[in-house]
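Source file: entry17.csv; contents: CSV, C-alpha atoms.
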chain,number,residue,atom,x,y,z
K,1,MET,CA,2.1,-8.5,-17.3
K,2,THR,CA,0.7,-6.0,-14.8
K,3,ARG,CA,-2.1,-3.6,-15.6
K,4,PHE,CA,0.3,-0.7,-15.6
K,5,MET,CA,2.6,-2.4,-18.1
K,6,MET,CA,-0.4,-3.1,-20.3
K,7,GLU,CA,-1.3,0.5,-20.2
K,8,LEU,CA,2.2,1.6,-20.9
K,9,SER,CA,2.6,-0.8,-23.8
K,10,GLY,CA,-0.6,0.6,-25.5
K,11,LYS,CA,-2.5,-2.6,-25.2
K,12,LEU,CA,-5.4,-0.8,-23.6
K,13,GLY,CA,-5.5,2.1,-26.0
K,14,ALA,CA,-3.9,5.5,-26.5
K,15,TYR,CA,-5.6,7.1,-23.6
K,16,TRP,CA,-4.2,4.6,-21.1
K,17,LYS,CA,-0.8,4.7,-22.7
K,18,ALA,CA,-0.7,8.5,-22.4
K,19,ASN,CA,-1.9,8.3,-18.8
K,20,ALA,CA,0.8,5.8,-17.9
K,21,GLU,CA,3.5,8.0,-19.4
K,22,LYS,CA,2.1,10.9,-17.3
K,23,GLU,CA,2.4,8.7,-14.2
K,24,LEU,CA,6.0,7.9,-14.9
K,25,GLU,CA,6.7,11.6,-15.4
K,26,LYS,CA,5.2,12.3,-12.0
K,27,VAL,CA,7.3,9.6,-10.4
K,28,ARG,CA,10.4,11.2,-12.0
K,29,ASN,CA,9.4,14.6,-10.6
K,30,ASP,CA,8.7,13.1,-7.2
K,31,LEU,CA,12.2,11.5,-7.1
K,32,GLU,CA,13.8,14.8,-8.2
K,33,ALA,CA,11.8,16.7,-5.6
K,34,GLY,CA,12.7,14.3,-2.8
K,35,LEU,CA,9.0,13.2,-2.3
K,36,VAL,CA,10.2,9.7,-3.0
K,37,THR,CA,13.6,8.7,-1.7
K,38,ILE,CA,15.8,5.7,-2.2
K,39,ASP,CA,18.2,4.9,0.6
K,40,ASP,CA,21.7,3.4,0.4
K,41,LYS,CA,20.2,-0.1,0.4
K,42,GLY,CA,18.0,0.7,-2.6
K,43,VAL,CA,14.8,0.8,-0.5
K,44,ALA,CA,12.2,3.3,-1.9
K,45,ARG,CA,10.2,5.3,0.5
K,46,ASN,CA,7.3,7.8,0.1
K,47,CYS,CA,7.2,11.3,1.4
K,48,ILE,CA,6.2,10.2,4.9
K,49,GLY,CA,8.9,7.6,5.2
K,50,ARG,CA,6.9,4.5,4.5
K,51,VAL,CA,8.2,1.8,2.2
K,52,VAL,CA,6.3,2.1,-1.2
K,53,MET,CA,3.8,-0.4,-2.2
K,54,SER,CA,4.3,-2.7,-5.2
K,55,ASP,CA,2.4,-0.5,-7.7
K,56,MET,CA,4.6,2.5,-7.0
K,57,LEU,CA,7.7,0.3,-6.8
K,58,GLU,CA,7.0,-0.9,-10.4
K,59,LYS,CA,6.9,2.7,-11.6
K,60,ILE,CA,10.0,3.7,-9.7
K,61,ALA,CA,11.9,0.7,-11.2
K,62,LEU,CA,11.0,1.9,-14.7
K,63,VAL,CA,12.5,5.4,-14.1
K,64,THR,CA,15.6,4.7,-12.1
K,65,ASP,CA,18.2,1.9,-11.7
K,66,ASN,CA,18.9,3.0,-8.1
K,67,VAL,CA,16.0,1.1,-6.5
K,68,ASP,CA,16.5,-2.5,-5.4
K,69,VAL,CA,13.1,-4.1,-6.0
K,70,GLU,CA,13.8,-7.1,-3.8
K,71,ALA,CA,15.1,-5.1,-0.9
K,72,THR,CA,12.1,-2.7,-1.1
K,73,ALA,CA,9.7,-5.6,-1.1
K,74,THR,CA,11.4,-7.2,1.8
K,75,ALA,CA,11.4,-3.9,3.8
K,76,ARG,CA,7.7,-3.4,3.0
K,77,ASP,CA,6.9,-6.9,4.2
K,78,LEU,CA,8.8,-6.3,7.5
K,79,GLU,CA,7.1,-2.9,7.9
K,80,VAL,CA,3.6,-4.4,7.5
K,81,GLU,CA,4.3,-7.3,9.8
K,82,LYS,CA,5.5,-4.9,12.5
K,83,GLU,CA,2.4,-2.7,12.1
K,84,LEU,CA,0.1,-5.8,12.3
K,85,MET,CA,1.9,-7.0,15.4
K,86,GLU,CA,1.6,-3.6,17.1
K,87,TYR,CA,-2.1,-3.5,16.2
K,88,ARG,CA,-2.7,-6.9,17.7
K,89,ASN,CA,-0.8,-6.0,20.8
K,90,ASN,CA,-2.4,-2.6,21.3
K,91,LYS,CA,-5.9,-3.2,20.3
K,92,LEU,CA,-8.2,-1.7,22.9
K,93,PRO,CA,-11.6,-3.0,23.7
K,94,TYR,CA,-14.3,-1.9,21.2
K,95,SER,CA,-15.9,1.4,22.2
K,96,ALA,CA,-19.7,1.7,22.4
K,97,GLU,CA,-19.5,3.7,19.2
K,98,ASP,CA,-17.6,0.9,17.4
K,99,VAL,CA,-20.2,-1.6,18.5
K,100,ALA,CA,-23.0,0.6,17.4
K,101,GLU,CA,-21.5,1.1,14.0
K,102,MET,CA,-20.9,-2.7,13.6
K,103,ARG,CA,-24.5,-3.4,14.7
K,104,ALA,CA,-25.8,-0.9,12.2
K,105,ALA,CA,-23.7,-2.4,9.4
K,106,PHE,CA,-24.2,-6.1,10.2
K,107,GLY,CA,-27.3,-6.3,12.4
K,108,ALA,CA,-28.0,-7.1,16.0
K,109,GLY,CA,-27.1,-10.6,17.1
K,110,GLU,CA,-24.5,-11.2,14.4
K,111,THR,CA,-20.9,-12.2,15.2
K,112,VAL,CA,-18.2,-10.1,13.7
K,113,VAL,CA,-14.6,-11.2,13.4
K,114,ASP,CA,-11.6,-8.8,13.5
K,115,VAL,CA,-9.6,-10.2,10.6
K,116,VAL,CA,-6.3,-8.9,12.0
K,117,THR,CA,-6.6,-10.2,15.6
K,118,GLY,CA,-9.1,-13.1,15.1
K,119,LYS,CA,-11.2,-11.8,18.0
K,120,LYS,CA,-14.9,-12.3,17.7
K,121,ILE,CA,-17.6,-9.9,19.0
K,122,ARG,CA,-21.3,-10.7,19.2
K,123,LEU,CA,-23.4,-7.7,18.5

Translate this file's structure into structure tokens.
Amino acid sequence: MTRFMMELSGKLGAYWKANAEKELEKVRNDLEAGLVTIDDKGVARNCIGRVVMSDMLEKIALVTDNVDVEATATARDLEVEKELMEYRNNKLPYSAEDVAEMRAAFGAGETVVDVVTGKKIRL
């Protein structure tokens, strides 16, 4: 059971149950206002056209039967993979400001790894 479902069920108390119900009402309103859309394949997208994340998808699925949970999850995975690939392919060398910020955060002489690209930089 997800955290949201525990809230909605009342397992975490009256406050969280009421809060979860308000969140579902907001999702209903966002769907009605077109801030969240569902395409003809059942894929849910937010107001900027991005596929919704799993927490929002859970709420959308509770308020409408029009969403396809599997199709949305698959579309989200593809969208994220595409963005990561673009990041890896377009990553510019680190600017002097980037290096200074990393040095301030981690210390001079440390090695930092970009977890997306795997590239290492010695500070």

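Shell of segment 73-77 of chain K at 12 Å, with all atoms listed in the file counted and residues fewer than 4 places along the chain excluded, is Asp39, Lys41, Gly42, Val43, Ala44, Arg45, Asn46, Gly49, Arg50, Val51, Val52, Met53, Ser54, Asp55, Met56, Leu57, Glu58, Val67, Asp68, Val69, Glu81, Lys82, Glu83 and Leu84 of chain K.
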
Written selection (C-alpha atoms) as a short mmCIF file (atom, residue, chain, number, x, y, z; two decimals), in the frame of the given file:
data_model
loop_
_atom_site.label_atom_id
_atom_site.label_comp_id
_atom_site.auth_asym_id
_atom_site.auth_seq_id
_atom_site.Cartn_x
_atom_site.Cartn_y
_atom_site.Cartn_z
CA ASP K 39 18.20 4.90 0.60
CA LYS K 41 20.20 -0.10 0.40
CA GLY K 42 18.00 0.70 -2.60
CA VAL K 43 14.80 0.80 -0.50
CA ALA K 44 12.20 3.30 -1.90
CA ARG K 45 10.20 5.30 0.50
CA ASN K 46 7.30 7.80 0.10
CA GLY K 49 8.90 7.60 5.20
CA ARG K 50 6.90 4.50 4.50
CA VAL K 51 8.20 1.80 2.20
CA VAL K 52 6.30 2.10 -1.20
CA MET K 53 3.80 -0.40 -2.20
CA SER K 54 4.30 -2.70 -5.20
CA ASP K 55 2.40 -0.50 -7.70
CA MET K 56 4.60 2.50 -7.00
CA LEU K 57 7.70 0.30 -6.80
CA GLU K 58 7.00 -0.90 -10.40
CA VAL K 67 16.00 1.10 -6.50
CA ASP K 68 16.50 -2.50 -5.40
CA VAL K 69 13.10 -4.10 -6.00
CA GLU K 81 4.30 -7.30 9.80
CA LYS K 82 5.50 -4.90 12.50
CA GLU K 83 2.40 -2.70 12.10
CA LEU K 84 0.10 -5.80 12.30
#

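The spacing separating atom CA of Val116 of chain K from atom CA of Ile48 of chain K amounts to 23.9 Å.
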
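Near Lys17 of chain K, within 12 Å and counting all atoms listed in the file, sit Arg3, Phe4, Met5, Met6, Glu7, Leu8, Ser9, Gly10, Lys11, Leu12, Gly13, Glu21, Lys22, Glu23 and Leu24 of chain K, not including residues fewer than 4 positions from it in the same chain.
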
Show me, as a ChimeraX atom specification, the residues that have an atom within 12 Å of Gly118 of chain K when counting only C-alpha atoms, minus same-chain residues fewer than 3 positions from it. /K:87-88,91,111-115,121

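You will find atom CA of Leu35 of chain K at 19.2 Å from atom CA of Glu79 of chain K.
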
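One distance worth recording is that between atom CA of Met102 of chain K and atom CA of Glu86 of chain K, which is 22.8 Å.
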
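Shortest separation to Leu62 of chain K among K:Ala18, K:Leu92, K:Val27, K:Glu32 occurs at residue K:Val27, atoms counted being only C-alpha atoms.
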